[in-house]
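Reading through the structure tokens given below for one structure.
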Number of protein chains: 2
Amino acid sequence: MNKKPLILVTNDDGITAPGLRTLIEVMNTIGEVVVVAPDSPQSGMGHAITVNSTLYVEKVKIDNNPQTEYSCSGTPVDCVKLAVKQILGRRPDICVSGINHGANSSINVIYSGTMSAALEAGIEGIPAIGFSLCNYNWSADFEASKSFVKTITENVLEHGLPEGVVLNVNIPDLPKKEIKGIKVCRQAKANWEEEFTKRQNPSGRDYYWLAGKFVNLDEGEDTDEWALEHGYISLVPVQFDLTAHHYMQNLNSWNLND
Amino acid sequence: MNKKPLILVTNDDGITAPGLRTLIEVMNTIGEVVVVAPDSPQSGMGHAITVNSTLYVEKVKIDNNPQTEYSCSGTPVDCVKLAVKQILGRRPDICVSGINHGANSSINVIYSGTMSAALEAGIEGIPAIGFSLCNYNWSADFEASKSFVKTITENVLEHGLPEGVVLNVNIPDLPKKEIKGIKVCRQAKANWEEEFTKRQNPSGRDYYWLAGKFVNLDEGEDTDEWALEHGYISLVPVQFDLTAHHYMQNLNSWNLND
């Protein structure tokens with residue numbers, strides 16, 4: 001029998017988030033699980049790291065299942081760095097992040113702490129997956145996600161991932177029997193139409209709340225947005241070489257060195 | 001005579017940073033300048049946004065030059081969103097971010113608030129450039145940067161940038177006569193070898209400081225790291241479609257839907 005894989009689990013909603021607890025439950029059926037997750041919600045943190053402040057880490061016990069858990073004062077990316085460099089005695093075989101409460105499809109991948117944790121693991125050369133459920137509520141139902149999360153994780157453990165690629169998985173908020181399957185997709189072109197709400201604080205100073213409406217600008221049928229709208233789980237391979245290779249030739253025709 | 005371009009200026013080191021003041025000085029020679037920048041340093045914030053807190057914006061006057069300036073309590077990405085949706089009456093012709101105190105070459109593009117501000121402008125369809133000087137000191141000398149920053153900005157105003165592409169410019173910390181020119185590059189493969197420093201606070205609780213050593217893992221002569229090491233300014237076109245298109249076909253051979 002093979003040795004059990006070592007699985008690093010993290011998220012951005014914090015260590016008590018139901019989505020994380022579901023992910024731990026599934027990973028306990030696959031391997032040895034170590035959780036290093038933020039002690040408070042970190043949504044929208046993108047790839048933030050803590051450079052000018054201290055980081056606290058506490059070993060915690062939240063339930064009676066066999067995983068080992070650490071709660072960390074930092075961002076999701078800090079959690080991965082601390083786990084790999086300080087907490088885990090050996091290199092994890094895989095890093096899974098999530099299950100996020102809310103979609104990280106299309107352009108949201110850029111703002112997502114869940115995906116940044118997965119990307120950070122990828123930068124460290126660890127196969128990594130970010131999972132998100134398209135339901136922002138704390139009371140979202142993660143039941144239907146379980147078997148798909150398990151299938152995708154086992155596939156990554158079996159096939160590996162090439163250097164520089166991590167997976168972004170989004171799961172539609174549907175009962176299991178209505179989910180049509182897993183679809184390999186590209187990131188849809190989309191953006192947020194922000195509308196700031198302007199208010200006054202009790203001292204009379206203006207302040208703003210960021211609010212906005214997500215707009216899919218991409219009519220392609222090969223995108224993550226299309227898949228989710230049509231009842232599929234979207235699986236997008238994501239890279240962290242951001243070079244727009246296709247535009248390098250063009251830039252070389254500019255007058256930069258006259 | 002053409003109408004002067006409207007230039008949005010931001011950064012991640014904060015509104016009083018010498019790098020930002022230099023960028024404003026150069027932009028005042030090109031167009032009408034509006035600054036919306038963080039009221040305090042935001043290094044390492046990546047693409048973080050403020051979702052669960054309030055945002056304050058104050059009109060400020062820092063010197064007697066002709067730009068208009070706003071100081072914002074949020075992240076660099078918040079600054080761009082507020083500028084475009086709330087502060088500027090019309091769409092800016094270009095957004096420039098920086099000049100960052102410290103390199104944002106290779107994998108640092110992922111952690112960089114400077115580049116995230118530029119990427120956010122790009123997502124909004126605004127041509128955008130992030131500038132960084134390879135010197136972390138507050139007292140760094142930005143003199144040599146000026147003419148190159150001007151040349152690159154004027155080229156972008158002349159040629160535009162295709163949808164989905166922004167520019168990442170890094171400037172070596174050298175006197176002007178030693179800078180060999182501007183080189184179009186790809187992002188080098190590199191990572192940080194973190195070493196966490198473990199200490200105890202006065203109450204006896206352990207905490208960590210994130211520290212690390214940058215390691216270039218890429219021997220290519222077409223990378224930003226190579227250019228900087230050899231006295232060139234690196235210019236990398238950066239995209240925010242993170243899809244690893246080359247790996248989609250491979251994923252479709254996995255057993256995901258059995």
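In the structure tokens, each chain is lettered A, B, ... as it comes, each chain's residues begin at 1, and ligands are numbered from 1 in order of appearance.
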Return as a list in words the residues belonging to chain B that are within 6 Å of chain A, counting only C-alpha atoms.
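Written out as asked, the residues are Gly44, Met45, Gly46, His47, Ala48, Ile49, Thr54, Leu55, Tyr56, Tyr111, Gly181, Arg186, Gln187, Tyr207, Tyr208, Trp209, Pro237, Val238, Gln239, Leu242, Thr243, Ala244 and Asn257 of chain B.
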Emit the selected residues as a PDB file, in the first residue's frame, including C-alpha atoms.
```
ATOM      1  CA  GLY B  44       2.717  43.593  -0.606  1.00  0.00           C
ATOM      2  CA  MET B  45      -1.027  44.177  -0.794  1.00  0.00           C
ATOM      3  CA  GLY B  46      -1.298  42.351  -4.124  1.00  0.00           C
ATOM      4  CA  HIS B  47      -4.714  42.768  -5.694  1.00  0.00           C
ATOM      5  CA  ALA B  48      -6.426  43.294  -2.324  1.00  0.00           C
ATOM      6  CA  ILE B  49      -9.674  45.268  -2.225  1.00  0.00           C
ATOM      7  CA  THR B  54     -15.271  51.866   4.772  1.00  0.00           C
ATOM      8  CA  LEU B  55     -13.150  53.966   2.424  1.00  0.00           C
ATOM      9  CA  TYR B  56     -12.175  57.564   3.129  1.00  0.00           C
ATOM     10  CA  TYR B 111       2.584  40.400  -4.838  1.00  0.00           C
ATOM     11  CA  GLY B 181      18.229  51.246 -22.833  1.00  0.00           C
ATOM     12  CA  ARG B 186       9.287  38.073 -20.499  1.00  0.00           C
ATOM     13  CA  GLN B 187       8.738  37.455 -16.769  1.00  0.00           C
ATOM     14  CA  TYR B 207       5.401  35.253  16.585  1.00  0.00           C
ATOM     15  CA  TYR B 208       7.062  35.264  13.173  1.00  0.00           C
ATOM     16  CA  TRP B 209       8.548  37.780  10.801  1.00  0.00           C
ATOM     17  CA  PRO B 237       3.709  43.117 -21.251  1.00  0.00           C
ATOM     18  CA  VAL B 238       1.461  41.572 -18.581  1.00  0.00           C
ATOM     19  CA  GLN B 239      -1.973  40.002 -18.997  1.00  0.00           C
ATOM     20  CA  LEU B 242      -4.596  33.790 -16.270  1.00  0.00           C
ATOM     21  CA  THR B 243      -5.845  30.788 -18.257  1.00  0.00           C
ATOM     22  CA  ALA B 244      -3.073  28.301 -18.993  1.00  0.00           C
ATOM     23  CA  ASN B 257     -16.784  12.662 -15.487  1.00  0.00           C
TER      24      ASN B 257
END
```
Write out as a ChimeraX atom specification all residues of range 89-258 of chain B that backbone DSSP assigns to helix (DSSP H, G or I).
/B:106-110,113-123,145-159,176-178,224-229,245-251
Could you state the separation of CA of Val149 in chain B and CA of Asp12 in chain B in Å, given to one decimal place?
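That distance, rounded to one decimal, is 17.3 Å.
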Report the residues of range 136-216 of chain B whose backbone DSSP state falls under strand (DSSP E or B), written as a compact mmCIF listing (two decimals) with N, CA and C atoms, in the first residue's frame.
```
# COMPACT_ATOMS: atom_id res chain seq x y z
N VAL B 165 -3.85 43.88 -21.87
CA VAL B 165 -2.40 43.96 -21.68
C VAL B 165 -2.04 45.26 -20.95
N VAL B 166 -1.22 45.16 -19.90
CA VAL B 166 -0.65 46.34 -19.26
C VAL B 166 0.88 46.15 -19.23
N LEU B 167 1.60 47.22 -18.92
CA LEU B 167 3.07 47.12 -18.96
C LEU B 167 3.67 47.14 -17.56
N ASN B 168 4.66 46.29 -17.36
CA ASN B 168 5.43 46.25 -16.12
C ASN B 168 6.86 46.68 -16.41
N VAL B 169 7.21 47.89 -15.91
CA VAL B 169 8.52 48.47 -16.20
C VAL B 169 9.37 48.48 -14.93
N ASN B 170 10.55 47.89 -15.01
CA ASN B 170 11.49 47.94 -13.89
C ASN B 170 12.77 48.63 -14.33
N ILE B 171 13.27 49.49 -13.46
CA ILE B 171 14.41 50.35 -13.80
C ILE B 171 15.58 50.00 -12.88
N GLY B 181 19.42 51.09 -22.00
CA GLY B 181 18.23 51.25 -22.83
C GLY B 181 17.07 50.45 -22.27
N ILE B 182 15.99 50.38 -23.07
CA ILE B 182 14.76 49.69 -22.65
C ILE B 182 14.66 48.38 -23.43
N LYS B 183 14.43 47.28 -22.72
CA LYS B 183 14.40 45.97 -23.36
C LYS B 183 13.05 45.30 -23.11
N VAL B 184 12.39 44.86 -24.18
CA VAL B 184 11.13 44.11 -24.05
C VAL B 184 11.48 42.69 -23.61
N ARG B 186 10.30 38.89 -21.16
CA ARG B 186 9.29 38.07 -20.50
C ARG B 186 9.62 38.00 -19.01
N ALA B 190 11.13 32.71 -11.09
CA ALA B 190 11.89 32.98 -9.87
C ALA B 190 10.98 32.71 -8.69
N ASN B 191 11.55 32.60 -7.52
CA ASN B 191 10.72 32.56 -6.31
C ASN B 191 11.47 33.14 -5.13
N TRP B 192 10.79 33.16 -4.00
CA TRP B 192 11.39 33.64 -2.76
C TRP B 192 11.66 32.45 -1.87
N GLU B 193 12.88 32.35 -1.38
CA GLU B 193 13.16 31.35 -0.36
C GLU B 193 12.95 32.01 0.99
N GLU B 194 11.76 31.79 1.52
CA GLU B 194 11.43 32.44 2.79
C GLU B 194 12.17 31.81 3.95
N GLU B 195 12.54 32.66 4.87
CA GLU B 195 13.02 32.18 6.16
C GLU B 195 12.27 32.99 7.19
N PHE B 196 11.46 32.30 7.97
CA PHE B 196 10.71 33.02 9.00
C PHE B 196 11.58 33.17 10.24
N THR B 197 11.60 34.37 10.78
CA THR B 197 12.29 34.61 12.05
C THR B 197 11.27 34.42 13.16
N LYS B 198 11.58 33.54 14.11
CA LYS B 198 10.65 33.26 15.21
C LYS B 198 11.11 34.03 16.45
N ARG B 199 10.19 34.77 17.07
CA ARG B 199 10.53 35.54 18.29
C ARG B 199 9.42 35.37 19.33
N GLN B 200 9.64 35.91 20.51
CA GLN B 200 8.60 35.90 21.53
C GLN B 200 8.22 37.33 21.88
N ASP B 206 4.80 33.25 20.95
CA ASP B 206 5.63 33.19 19.74
C ASP B 206 5.02 34.00 18.60
N TYR B 207 5.87 34.66 17.84
CA TYR B 207 5.40 35.25 16.59
C TYR B 207 6.50 35.13 15.54
N TYR B 208 6.14 35.41 14.29
CA TYR B 208 7.06 35.26 13.17
C TYR B 208 7.18 36.56 12.38
N TRP B 209 8.36 36.77 11.83
CA TRP B 209 8.55 37.78 10.80
C TRP B 209 8.85 37.06 9.49
N LEU B 210 8.18 37.52 8.44
CA LEU B 210 8.45 37.00 7.11
C LEU B 210 9.72 37.65 6.57
N ALA B 211 10.68 36.84 6.18
CA ALA B 211 11.89 37.36 5.55
C ALA B 211 12.25 36.38 4.45
N GLY B 212 13.06 36.79 3.53
CA GLY B 212 13.37 35.83 2.48
C GLY B 212 14.39 36.35 1.51
N LYS B 213 14.83 35.43 0.68
CA LYS B 213 15.86 35.73 -0.30
C LYS B 213 15.29 35.45 -1.67
N PHE B 214 15.40 36.42 -2.58
CA PHE B 214 14.90 36.26 -3.93
C PHE B 214 15.84 35.37 -4.73
N VAL B 215 15.28 34.38 -5.42
CA VAL B 215 16.11 33.46 -6.20
C VAL B 215 15.62 33.42 -7.65
N ASN B 216 16.50 33.85 -8.57
CA ASN B 216 16.19 33.75 -10.00
C ASN B 216 16.52 32.35 -10.48
```
Option closest in space to Val96 in chain A, from A:Thr114, A:Val9, A:Pro18, A:Ala227 [counting only C-alpha atoms]
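Comparing A:Thr114, A:Val9, A:Pro18, A:Ala227 against Val96 in chain A, the winner is A:Val9.
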Shell of 8 Å around His101 in chain A, only C-alpha atoms, local chain residues under 4 positions omitted, as a PyMOL selection string:
chain A and resi 13+19+132-138+140
For the residues selected in the previous step, produce a file with N, CA and C atoms as a PDB file, in the first residue's frame.
```
ATOM      1  N   ASP A  13     -11.718  32.343   3.950  1.00  0.00           N
ATOM      2  CA  ASP A  13     -12.879  32.726   4.762  1.00  0.00           C
ATOM      3  C   ASP A  13     -12.630  32.517   6.250  1.00  0.00           C
ATOM      4  N   GLY A  19     -17.205  26.039   4.534  1.00  0.00           N
ATOM      5  CA  GLY A  19     -16.587  25.545   3.303  1.00  0.00           C
ATOM      6  C   GLY A  19     -15.258  24.860   3.577  1.00  0.00           C
ATOM      7  N   SER A 132     -14.304  26.750  -5.162  1.00  0.00           N
ATOM      8  CA  SER A 132     -15.266  27.774  -4.738  1.00  0.00           C
ATOM      9  C   SER A 132     -16.679  27.317  -5.075  1.00  0.00           C
ATOM     10  N   LEU A 133     -17.609  27.624  -4.174  1.00  0.00           N
ATOM     11  CA  LEU A 133     -19.027  27.356  -4.425  1.00  0.00           C
ATOM     12  C   LEU A 133     -19.703  28.686  -4.742  1.00  0.00           C
ATOM     13  N   CYS A 134     -20.569  28.677  -5.755  1.00  0.00           N
ATOM     14  CA  CYS A 134     -21.223  29.922  -6.180  1.00  0.00           C
ATOM     15  C   CYS A 134     -22.374  30.299  -5.246  1.00  0.00           C
ATOM     16  N   ASN A 135     -22.044  30.457  -3.964  1.00  0.00           N
ATOM     17  CA  ASN A 135     -23.041  30.890  -2.982  1.00  0.00           C
ATOM     18  C   ASN A 135     -22.277  31.596  -1.864  1.00  0.00           C
ATOM     19  N   TYR A 136     -22.550  32.886  -1.679  1.00  0.00           N
ATOM     20  CA  TYR A 136     -21.784  33.685  -0.732  1.00  0.00           C
ATOM     21  C   TYR A 136     -22.189  33.465   0.726  1.00  0.00           C
ATOM     22  N   ASN A 137     -23.319  32.784   0.967  1.00  0.00           N
ATOM     23  CA  ASN A 137     -23.835  32.675   2.334  1.00  0.00           C
ATOM     24  C   ASN A 137     -22.991  31.758   3.208  1.00  0.00           C
ATOM     25  N   TRP A 138     -22.883  32.116   4.469  1.00  0.00           N
ATOM     26  CA  TRP A 138     -22.190  31.288   5.447  1.00  0.00           C
ATOM     27  C   TRP A 138     -22.913  29.945   5.597  1.00  0.00           C
ATOM     28  N   ALA A 140     -24.363  28.262   3.218  1.00  0.00           N
ATOM     29  CA  ALA A 140     -24.445  27.568   1.922  1.00  0.00           C
ATOM     30  C   ALA A 140     -24.343  26.050   2.135  1.00  0.00           C
TER      31      ALA A 140
END
```
Write out as a count of residues only each polymer residue whose atoms come within 8 Å of range 29-38 of chain B, counting only C-alpha atoms; drop sequence neighbours fewer than 4 positions from it.
32
Quick check, in Å to one decimal: how far apart do CA of Leu174 in chain A and CA of Gly231 in chain A lie?
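One can read the CA of Leu174 in chain A to CA of Gly231 in chain A distance as 7.6 Å.
When CA of Met115 in chain B is paired with CA of Ser234 in chain A, their separation reads 27.7 Å.
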